[in-house]
file entry.tsv (TSV, C-alpha atoms)
chain	number	residue	atom	x	y	z
N	1	MET	CA	103.88	166.94	318.59
N	2	ARG	CA	106.83	166.49	316.20
N	3	ILE	CA	107.02	168.46	312.96
N	4	CYS	CA	109.53	168.10	310.12
N	5	HIS	CA	110.19	171.23	308.03
N	6	LEU	CA	111.52	170.47	304.54
N	7	ILE	CA	113.44	173.38	302.99
N	8	ASP	CA	114.63	173.33	299.40
N	9	VAL	CA	117.55	175.76	298.93
N	10	GLU	CA	116.49	176.42	295.34
N	11	SER	CA	113.06	177.64	296.43
N	12	ALA	CA	111.86	181.05	297.56
N	13	ALA	CA	111.58	179.74	301.14
N	14	PHE	CA	115.39	179.75	301.35
N	15	ARG	CA	115.37	183.55	301.29
N	16	PRO	CA	116.28	185.14	304.65
N	17	ILE	CA	112.87	186.78	304.95
N	18	TRP	CA	111.13	183.36	304.99
N	19	LEU	CA	113.73	181.70	307.18
N	20	GLU	CA	112.99	184.47	309.66
N	21	VAL	CA	109.26	183.62	309.49
N	22	LEU	CA	110.06	179.97	310.26
N	23	ARG	CA	112.43	180.97	313.06
N	24	SER	CA	109.73	183.09	314.69
N	25	VAL	CA	107.20	180.23	314.49
N	26	VAL	CA	109.69	177.76	316.02
N	27	MET	CA	110.51	180.21	318.82
N	28	GLU	CA	106.87	180.99	319.56
N	29	LEU	CA	105.79	177.33	319.57
N	30	GLY	CA	108.49	175.98	321.83
N	31	GLU	CA	106.30	173.17	323.15
N	32	ILE	CA	106.37	171.57	319.68
N	33	GLU	CA	109.44	169.61	318.58
N	34	HIS	CA	110.64	171.00	315.24
N	35	GLU	CA	113.20	169.37	312.94
N	36	VAL	CA	114.56	171.24	309.91
N	37	TRP	CA	115.72	169.13	306.96
N	38	VAL	CA	117.66	170.91	304.23
N	39	ILE	CA	117.87	169.80	300.62
N	40	GLY	CA	120.94	171.52	299.21
N	41	GLY	CA	124.19	170.65	300.98
N	42	ARG	CA	126.10	171.53	304.13
N	43	GLU	CA	127.12	175.03	303.02
N	44	LYS	CA	123.51	176.01	302.48
N	45	ALA	CA	122.55	174.42	305.77
N	46	GLU	CA	125.04	176.70	307.52
N	47	THR	CA	123.25	179.69	305.99
N	48	ILE	CA	120.03	178.46	307.57
N	49	GLU	CA	121.72	177.93	310.92
N	50	HIS	CA	123.07	181.48	310.82
N	51	SER	CA	119.45	182.63	310.68
N	52	GLY	CA	118.88	181.00	314.08
N	53	LEU	CA	117.45	177.63	313.03
N	54	LYS	CA	118.96	174.28	313.98
N	55	VAL	CA	119.34	171.87	311.04
N	56	ALA	CA	118.77	168.19	311.83
N	57	LYS	CA	119.43	166.58	308.41
N	58	VAL	CA	121.15	167.66	305.19
N	59	PHE	CA	120.69	166.15	301.73
N	60	ASP	CA	123.68	166.97	299.56
N	61	GLN	CA	123.47	169.50	296.72
N	62	LYS	CA	125.07	167.10	294.22
N	63	MET	CA	122.22	164.67	294.70
N	64	PHE	CA	119.72	167.50	294.31
N	65	ARG	CA	120.46	167.78	290.58
N	66	LEU	CA	118.87	164.38	290.19
N	67	LEU	CA	115.51	165.00	291.79
N	68	ARG	CA	114.58	161.32	291.84
N	69	GLY	CA	117.69	160.54	293.87
N	70	VAL	CA	116.98	163.24	296.39
N	71	GLY	CA	113.29	162.41	296.46
N	72	TRP	CA	114.07	158.77	297.14
N	73	SER	CA	116.49	159.72	299.95
N	74	VAL	CA	114.00	162.04	301.64
N	75	ARG	CA	111.15	159.56	301.32
N	76	ARG	CA	113.31	156.78	302.74
N	77	GLU	CA	114.26	158.92	305.75
N	78	LEU	CA	110.63	159.86	306.35
N	79	LYS	CA	109.50	156.24	306.18
N	80	CYS	CA	112.29	154.83	308.37
N	81	GLY	CA	110.55	155.50	311.64
N	82	ALA	CA	111.06	159.24	311.88
N	83	GLY	CA	107.89	159.41	313.94
N	84	PHE	CA	106.68	162.83	312.81
N	85	ASP	CA	103.10	163.90	313.34
N	86	LEU	CA	103.30	166.38	310.47
N	87	VAL	CA	105.63	167.28	307.61
N	88	GLN	CA	105.61	170.90	306.45
N	89	ALA	CA	106.88	171.26	302.88
N	90	TRP	CA	108.16	174.79	302.30
N	91	SER	CA	108.00	174.49	298.51
N	92	SER	CA	105.88	172.76	295.89
N	93	ARG	CA	108.85	170.58	294.93
N	94	MET	CA	109.11	169.28	298.48
N	95	GLY	CA	105.35	168.77	298.48
N	96	LYS	CA	105.65	166.47	295.46
N	97	ILE	CA	108.30	164.41	297.24
N	98	VAL	CA	106.25	164.06	300.43
N	99	ALA	CA	103.09	163.21	298.49
N	100	LYS	CA	104.87	160.18	297.04
N	101	ALA	CA	106.39	159.11	300.36
N	102	ASN	CA	103.28	157.32	301.60
N	103	VAL	CA	104.24	157.97	305.21
N	104	LYS	CA	101.87	157.91	308.16
N	105	ALA	CA	102.42	161.58	308.94
N	106	ASP	CA	100.17	164.15	307.27
N	107	TYR	CA	101.76	166.96	305.32
N	108	LEU	CA	101.22	170.66	304.92
N	109	LEU	CA	102.19	172.78	301.91
N	110	THR	CA	103.52	176.32	302.28
N	111	CYS	CA	102.94	179.04	299.69
N	112	VAL	CA	105.32	182.01	299.88
N	113	ASN	CA	104.97	183.73	296.50
N	114	GLU	CA	103.03	183.82	293.23
N	115	ARG	CA	105.17	181.26	291.43
N	116	GLU	CA	104.73	178.78	294.28
N	117	MET	CA	100.99	179.50	294.27
N	118	GLN	CA	100.78	178.45	290.63
N	119	GLU	CA	102.82	175.29	291.22
N	120	ILE	CA	100.78	174.32	294.29
N	121	ALA	CA	97.52	174.93	292.42
N	122	ARG	CA	98.69	172.46	289.75
N	123	LEU	CA	99.81	170.00	292.43
N	124	ILE	CA	96.46	169.87	294.22
N	125	GLU	CA	94.30	170.13	291.10
N	126	GLY	CA	92.15	167.04	290.70
N	127	VAL	CA	92.89	165.72	294.19
N	128	PRO	CA	89.58	164.82	295.93
N	129	GLY	CA	88.59	167.31	298.62
N	130	ALA	CA	89.05	164.92	301.55
N	131	GLU	CA	92.53	163.94	300.36
N	132	ARG	CA	93.67	167.39	299.28
N	133	PRO	CA	96.60	168.65	301.37
N	134	LYS	CA	96.18	171.82	303.35
N	135	VAL	CA	98.14	174.91	302.34
N	136	VAL	CA	99.47	177.69	304.56
N	137	THR	CA	100.00	181.08	302.98
N	138	PHE	CA	101.16	184.38	304.46
N	139	ASP	CA	99.50	186.47	301.75
N	140	GLU	CA	95.74	186.92	301.51
N	141	ILE	CA	95.82	187.19	297.70
N	142	TYR	CA	97.37	183.72	297.39
N	143	GLY	CA	95.00	182.30	299.99
N	144	ARG	CA	91.95	183.36	298.00
N	145	SER	CA	93.42	181.86	294.83
N	146	LEU	CA	94.12	178.46	296.43
N	147	GLY	CA	90.61	177.96	297.75
N	148	GLU	CA	89.03	176.37	300.80
N	149	THR	CA	91.92	174.09	301.78
N	150	SER	CA	94.26	177.04	302.33
N	151	PHE	CA	94.89	178.84	305.61
N	152	TYR	CA	95.86	182.50	305.45
N	153	ILE	CA	98.03	183.80	308.27
N	154	ARG	CA	98.81	187.49	308.45
N	155	PRO	CA	102.54	187.69	309.09
N	156	ALA	CA	104.00	189.37	312.13
N	157	VAL	CA	107.61	190.31	312.72
N	158	ASP	CA	109.88	191.03	315.65
N	159	MET	CA	110.28	194.81	315.85
N	160	ASN	CA	113.39	194.37	317.98
N	161	ARG	CA	115.17	192.92	314.94
N	162	ILE	CA	115.24	196.31	313.21
N	163	GLU	CA	118.81	197.62	313.30
N	164	ARG	CA	118.87	201.29	314.28
N	165	VAL	CA	122.16	201.85	316.08
N	166	ASP	CA	124.16	202.34	312.86
N	167	ARG	CA	121.64	204.54	311.01
N	168	ARG	CA	124.13	207.34	310.34
N	169	ALA	CA	126.90	204.95	309.23
N	170	MET	CA	124.41	203.01	307.10
N	171	ARG	CA	123.23	206.15	305.32
N	172	MET	CA	126.78	207.34	304.78
N	173	ARG	CA	127.57	204.06	302.99
N	174	TRP	CA	124.72	204.93	300.65
N	175	GLY	CA	126.15	208.41	300.05
N	176	VAL	CA	123.55	210.12	302.26
N	177	ASN	CA	125.17	212.44	304.79
N	178	ASP	CA	122.12	214.19	306.23
N	179	GLU	CA	118.62	213.54	307.54
N	180	GLU	CA	116.91	215.85	305.06
N	181	THR	CA	117.35	213.35	302.22
N	182	LYS	CA	114.56	210.78	302.24
N	183	VAL	CA	115.70	207.24	301.41
N	184	VAL	CA	113.01	205.09	299.76
N	185	ALA	CA	113.41	201.29	300.05
N	186	ILE	CA	111.76	199.44	297.16
N	187	LEU	CA	110.56	196.07	298.48
N	188	GLY	CA	109.10	193.10	296.63
N	189	ASP	CA	108.71	189.38	297.18
N	190	PRO	CA	110.78	188.05	295.61
N	191	PRO	CA	112.72	191.09	294.37
N	192	GLY	CA	113.41	189.44	291.01
N	193	ASN	CA	109.69	189.42	290.19
N	194	GLU	CA	109.24	193.14	290.78
N	195	ASP	CA	109.70	195.97	288.34
N	196	ALA	CA	112.54	198.24	289.41
N	197	LEU	CA	111.77	200.57	286.54
N	198	LEU	CA	108.31	201.39	287.89
N	199	GLY	CA	109.55	202.30	291.38
N	200	VAL	CA	112.81	204.00	290.36
N	201	ILE	CA	111.06	206.26	287.86
N	202	GLY	CA	108.51	207.13	290.56
N	203	VAL	CA	111.35	208.24	292.85
N	204	ALA	CA	113.02	210.09	289.95
N	205	LEU	CA	109.79	211.96	289.18
N	206	ALA	CA	109.51	213.02	292.81
N	207	ALA	CA	113.12	214.21	292.69
N	208	ALA	CA	112.50	216.10	289.45
N	209	ALA	CA	109.64	217.86	291.24
N	210	GLY	CA	112.11	219.16	293.82
N	211	ARG	CA	111.99	216.50	296.54
N	212	ASP	CA	115.28	215.29	298.00
N	213	VAL	CA	114.77	211.52	297.67
N	214	ARG	CA	116.85	208.47	296.82
N	215	ALA	CA	115.84	204.92	295.95
N	216	ILE	CA	117.49	201.80	297.35
N	217	VAL	CA	116.82	198.61	295.37
N	218	SER	CA	117.92	194.99	295.32
N	219	PRO	CA	120.44	194.00	292.60
N	220	THR	CA	118.01	191.24	291.56
N	221	HIS	CA	115.13	193.58	290.73
N	222	HIS	CA	113.55	192.99	287.33
N	223	ARG	CA	114.55	195.56	284.67
N	224	LEU	CA	117.11	197.16	286.97
N	225	HIS	CA	119.52	197.70	284.08
N	226	ARG	CA	116.88	199.63	282.19
N	227	ALA	CA	116.05	201.65	285.29
N	228	LYS	CA	119.75	202.57	285.62
N	229	ARG	CA	119.86	203.71	281.99
N	230	VAL	CA	116.75	205.85	282.44
N	231	ILE	CA	118.02	207.72	285.48
N	232	ASP	CA	121.43	208.04	283.85
N	233	ASP	CA	119.72	209.83	280.94
N	234	LEU	CA	117.97	212.03	283.50
N	235	GLY	CA	121.31	212.83	285.16
N	236	ARG	CA	120.16	211.33	288.47
N	237	VAL	CA	122.44	208.28	288.90
N	238	HIS	CA	123.35	209.47	292.41
N	239	GLN	CA	119.73	208.95	293.45
N	240	LEU	CA	119.90	205.17	293.02
N	241	VAL	CA	121.48	202.90	295.65
N	242	ILE	CA	121.82	199.15	294.98
N	243	SER	CA	122.02	196.85	298.01
N	244	ASP	CA	121.49	193.12	298.49
N	245	GLY	CA	120.64	193.96	302.11
N	246	LEU	CA	117.02	194.39	301.04
N	247	ASP	CA	116.71	190.60	301.17
N	248	ARG	CA	117.06	191.11	304.95
N	249	PRO	CA	114.89	194.22	305.38
N	250	TRP	CA	115.40	194.34	309.16
N	251	GLU	CA	119.07	195.19	308.48
N	252	VAL	CA	118.31	198.04	306.06
N	253	LEU	CA	115.02	199.71	306.94
N	254	GLY	CA	116.44	201.37	310.03
N	255	GLY	CA	118.37	203.66	307.68
N	256	CYS	CA	115.38	204.40	305.45
N	257	ASP	CA	112.55	206.92	305.70
N	258	ILE	CA	109.95	205.49	303.31
N	259	ALA	CA	109.15	201.99	302.05
N	260	LEU	CA	107.66	201.48	298.60
N	261	VAL	CA	106.15	198.01	298.97
N	262	MET	CA	105.48	196.46	295.57
N	263	SER	CA	104.29	193.09	296.92
N	264	GLY	CA	104.55	190.67	299.84
N	265	GLU	CA	102.66	191.16	303.08
N	266	VAL	CA	105.73	190.17	305.07
N	267	ASN	CA	107.63	193.05	303.44
N	268	ALA	CA	104.88	195.43	304.47
N	269	MET	CA	105.07	194.16	308.04
N	270	TRP	CA	108.83	194.80	308.19
N	271	ALA	CA	108.23	198.33	306.94
N	272	VAL	CA	105.61	198.83	309.66
N	273	ALA	CA	107.99	197.46	312.27
N	274	ALA	CA	110.65	199.94	311.16
N	275	GLY	CA	108.23	202.81	311.69
N	276	VAL	CA	108.67	204.25	308.20
N	277	GLY	CA	105.94	205.71	306.03
N	278	ILE	CA	104.61	203.22	303.49
N	279	VAL	CA	103.54	203.62	299.89
N	280	GLY	CA	101.92	200.32	298.89
N	281	MET	CA	100.88	198.85	295.55
N	282	GLU	CA	97.30	197.65	295.87
N	283	ALA	CA	97.82	195.09	293.09
N	284	GLY	CA	100.60	193.42	295.11
N	285	LEU	CA	99.19	193.78	298.62
N	286	GLY	CA	95.44	193.62	298.18
N	287	GLU	CA	92.85	195.98	299.57
N	288	ASN	CA	92.62	194.80	303.18
N	289	LEU	CA	96.16	194.66	304.58
N	290	LEU	CA	96.79	198.39	305.02
N	291	ARG	CA	94.01	200.95	304.80
N	292	ASP	CA	94.65	203.81	302.40
N	293	GLY	CA	95.14	207.11	304.21
N	294	GLU	CA	95.07	205.44	307.63
N	295	GLU	CA	98.02	203.03	307.68
N	296	ALA	CA	99.66	203.65	304.30
N	297	LEU	CA	99.29	205.59	301.07
N	298	MET	CA	98.12	203.09	298.48
N	299	VAL	CA	98.66	203.18	294.72
N	300	LYS	CA	95.65	201.73	292.93
N	301	ASN	CA	97.05	201.75	289.38
N	302	CYS	CA	100.59	200.57	288.67
N	303	ASN	CA	102.18	203.68	287.23
N	304	SER	CA	105.15	205.77	288.25
N	305	ALA	CA	103.27	209.09	288.32
N	306	GLN	CA	100.94	207.85	291.08
N	307	ILE	CA	103.91	206.48	293.01
N	308	ALA	CA	105.61	209.88	292.74
N	309	ARG	CA	102.52	211.70	293.99
N	310	GLN	CA	102.25	209.48	297.08
N	311	LEU	CA	105.98	209.80	297.80
N	312	MET	CA	105.71	213.60	297.58
N	313	ARG	CA	102.83	213.57	300.07
N	314	LEU	CA	104.99	211.72	302.59
N	315	VAL	CA	107.85	214.16	302.05
N	316	ASP	CA	105.71	217.30	302.12
N	317	GLU	CA	103.24	216.57	304.92
N	318	GLU	CA	105.29	216.62	308.09
N	319	GLY	CA	104.38	213.84	310.50
N	320	LEU	CA	102.19	211.97	307.99
N	321	GLY	CA	104.54	209.02	307.62
N	322	GLU	CA	104.97	208.70	311.38
N	323	SER	CA	101.21	208.90	311.95
N	324	LEU	CA	100.50	206.21	309.35
N	325	ALA	CA	103.25	203.99	310.76
N	326	ASN	CA	101.99	204.32	314.34
N	327	SER	CA	98.50	203.35	313.23
N	328	ALA	CA	99.81	200.38	311.24
N	329	LYS	CA	101.93	199.13	314.15
N	330	LYS	CA	98.79	198.11	315.98
N	331	GLN	CA	98.45	195.27	313.49
N	332	ILE	CA	101.83	193.89	314.52
N	333	MET	CA	101.28	194.38	318.24
N	334	THR	CA	97.96	192.51	318.18
N	335	ASN	CA	98.88	189.79	315.68
N	336	ALA	CA	100.25	186.48	316.99
N	337	PRO	CA	100.69	184.12	314.01
N	338	GLY	CA	102.16	181.37	316.20
N	339	VAL	CA	98.78	180.89	317.88
N	340	ARG	CA	97.13	180.41	314.48
N	341	MET	CA	99.94	178.10	313.32
N	342	ARG	CA	99.45	175.94	316.41
N	343	GLY	CA	95.80	175.50	315.49
N	344	ILE	CA	96.68	174.64	311.88
N	345	TYR	CA	99.29	172.12	312.99
N	346	GLN	CA	96.83	170.45	315.33
N	347	ALA	CA	94.09	170.39	312.70
N	348	SER	CA	96.44	169.00	310.04
N	349	ALA	CA	98.17	166.28	312.06
call {"tool": "encode", "arguments": {"input": "entry.tsv", "output": "structure tokens"}}
result
Amino acid sequence: MRICHLIDVESAAFRPIWLEVLRSVVMELGEIEHEVWVIGGREKAETIEHSGLKVAKVFDQKMFRLLRGVGWSVRRELKCGAGFDLVQAWSSRMGKIVAKANVKADYLLTCVNEREMQEIARLIEGVPGAERPKVVTFDEIYGRSLGETSFYIRPAVDMNRIERVDRRAMRMRWGVNDEETKVVAILGDPPGNEDALLGVIGVALAAAAGRDVRAIVSPTHHRLHRAKRVIDDLGRVHQLVISDGLDRPWEVLGGCDIALVMSGEVNAMWAVAAGVGIVGMEAGLGENLLRDGEEALMVKNCNSAQIARQLMRLVDEEGLGESLANSAKKQIMTNAPGVRMRGIYQASA
């Protein structure tokens, strides 16, 4: 079987966390021939190759500004005897291009976040059931929203990717020189859709209650500037660390103690792999991914006071975070998404 993966560098799938998902699928399904086509220029293609994926074709960024030109180029390449059994579009924009290509190969859409879910829902709306393209999603919430033609795959990650050897040096770069201080990573998918203010105030409330905690957030978090002003007014600027490393959680979580997961099942799985205690937002993760009190401490209502209470439990109850993490790790150890992807590929081609 030959599969073409279309990646648009202006889509969420270009984020390192999703390139890592694709890399793991390609590695696990070695008997399938995978080709990665990049829409976005050679420089962006090199970024993808640095993640461990081999790029077969590149469509230049300058052409990308004129979608019709790029669409025509991609469709021409697909129709000129590429011989693929299946084309996997990793964004709704690529799905639109493939839908117009009229090639013999079937195609598969990939939903990686809420914005893509909305675009894909519009794309498949009105398409007769038998002709409607199948959709793969790695988040159960999106799978339910997209209906019967969607396949939900619980993500799994490679625990060996977690960087632990430089924990002390990593924490020192964040201004943390001891192990008593608990570093809380605020994770969302994508970070720009998540509310930094909600999580940062939760950490600040826990600190105001006497817990030695610090928050580490992505510079792209929504309302980050307001969050910085709030903690500045509280005199707690030192308790906020800003790092773009959160886009590659396997590089950062080894230096953290707690993960506050706002959304994104794949983020939750990286937190589990790192062995840190998890506080999860039920609105962003659903009710079934991690069981409250068994694998994580869940926050049912999106408010900072509840976040603070759950963070304080993890700080105060010795061994609780480790116990929750050990229980949650069983989901990673027993989950093999490549096996499910193989079945979806075979059913879709």
call {"tool": "closest_residue", "arguments": {"input": "entry.tsv", "among": "N:Arg167, N:Lys134, N:His225, N:Arg93", "to": "N:Phe151", "atoms": "only C-alpha atoms"}}
result
N:Lys134
call {"tool": "residues_around", "arguments": {"input": "entry.tsv", "residues": "stretch 318-331 of chain N", "least_positions_apart": "4", "cutoff": "10 Å", "atoms": "all atoms listed in the file", "output": "VMD selection string"}}
result
chain N and resid 154 to 156 159 257 to 258 268 to 269 271 to 279 289 to 297 311 313 to 314 335 to 336
call {"tool": "closest_residue", "arguments": {"input": "entry.tsv", "among": "N:Glu140, N:Ile39, N:Lys57, N:Lys96", "to": "N:Arg122", "atoms": "all atoms listed in the file"}}
result
N:Lys96
call {"tool": "closest_residue", "arguments": {"input": "entry.tsv", "among": "N:Gly71, N:Gly255, N:Gly235, N:Gly83", "to": "N:Met1", "atoms": "all atoms listed in the file"}}
result
N:Gly83
call {"tool": "atom_distance", "arguments": {"input": "entry.tsv", "atom1": "atom CA of N:Gly264", "atom2": "atom CA of N:Ile3"}}
result
25.9 Å
call {"tool": "closest_residue", "arguments": {"input": "entry.tsv", "among": "N:Arg248, N:Val98, N:Asp178, N:Leu109", "to": "N:Ser51", "atoms": "all atoms listed in the file"}}
result
N:Arg248
call {"tool": "closest_residue", "arguments": {"input": "entry.tsv", "among": "N:Met262, N:Ala207, N:Ala105, N:Val252", "to": "N:Arg168", "atoms": "all atoms listed in the file"}}
result
N:Val252
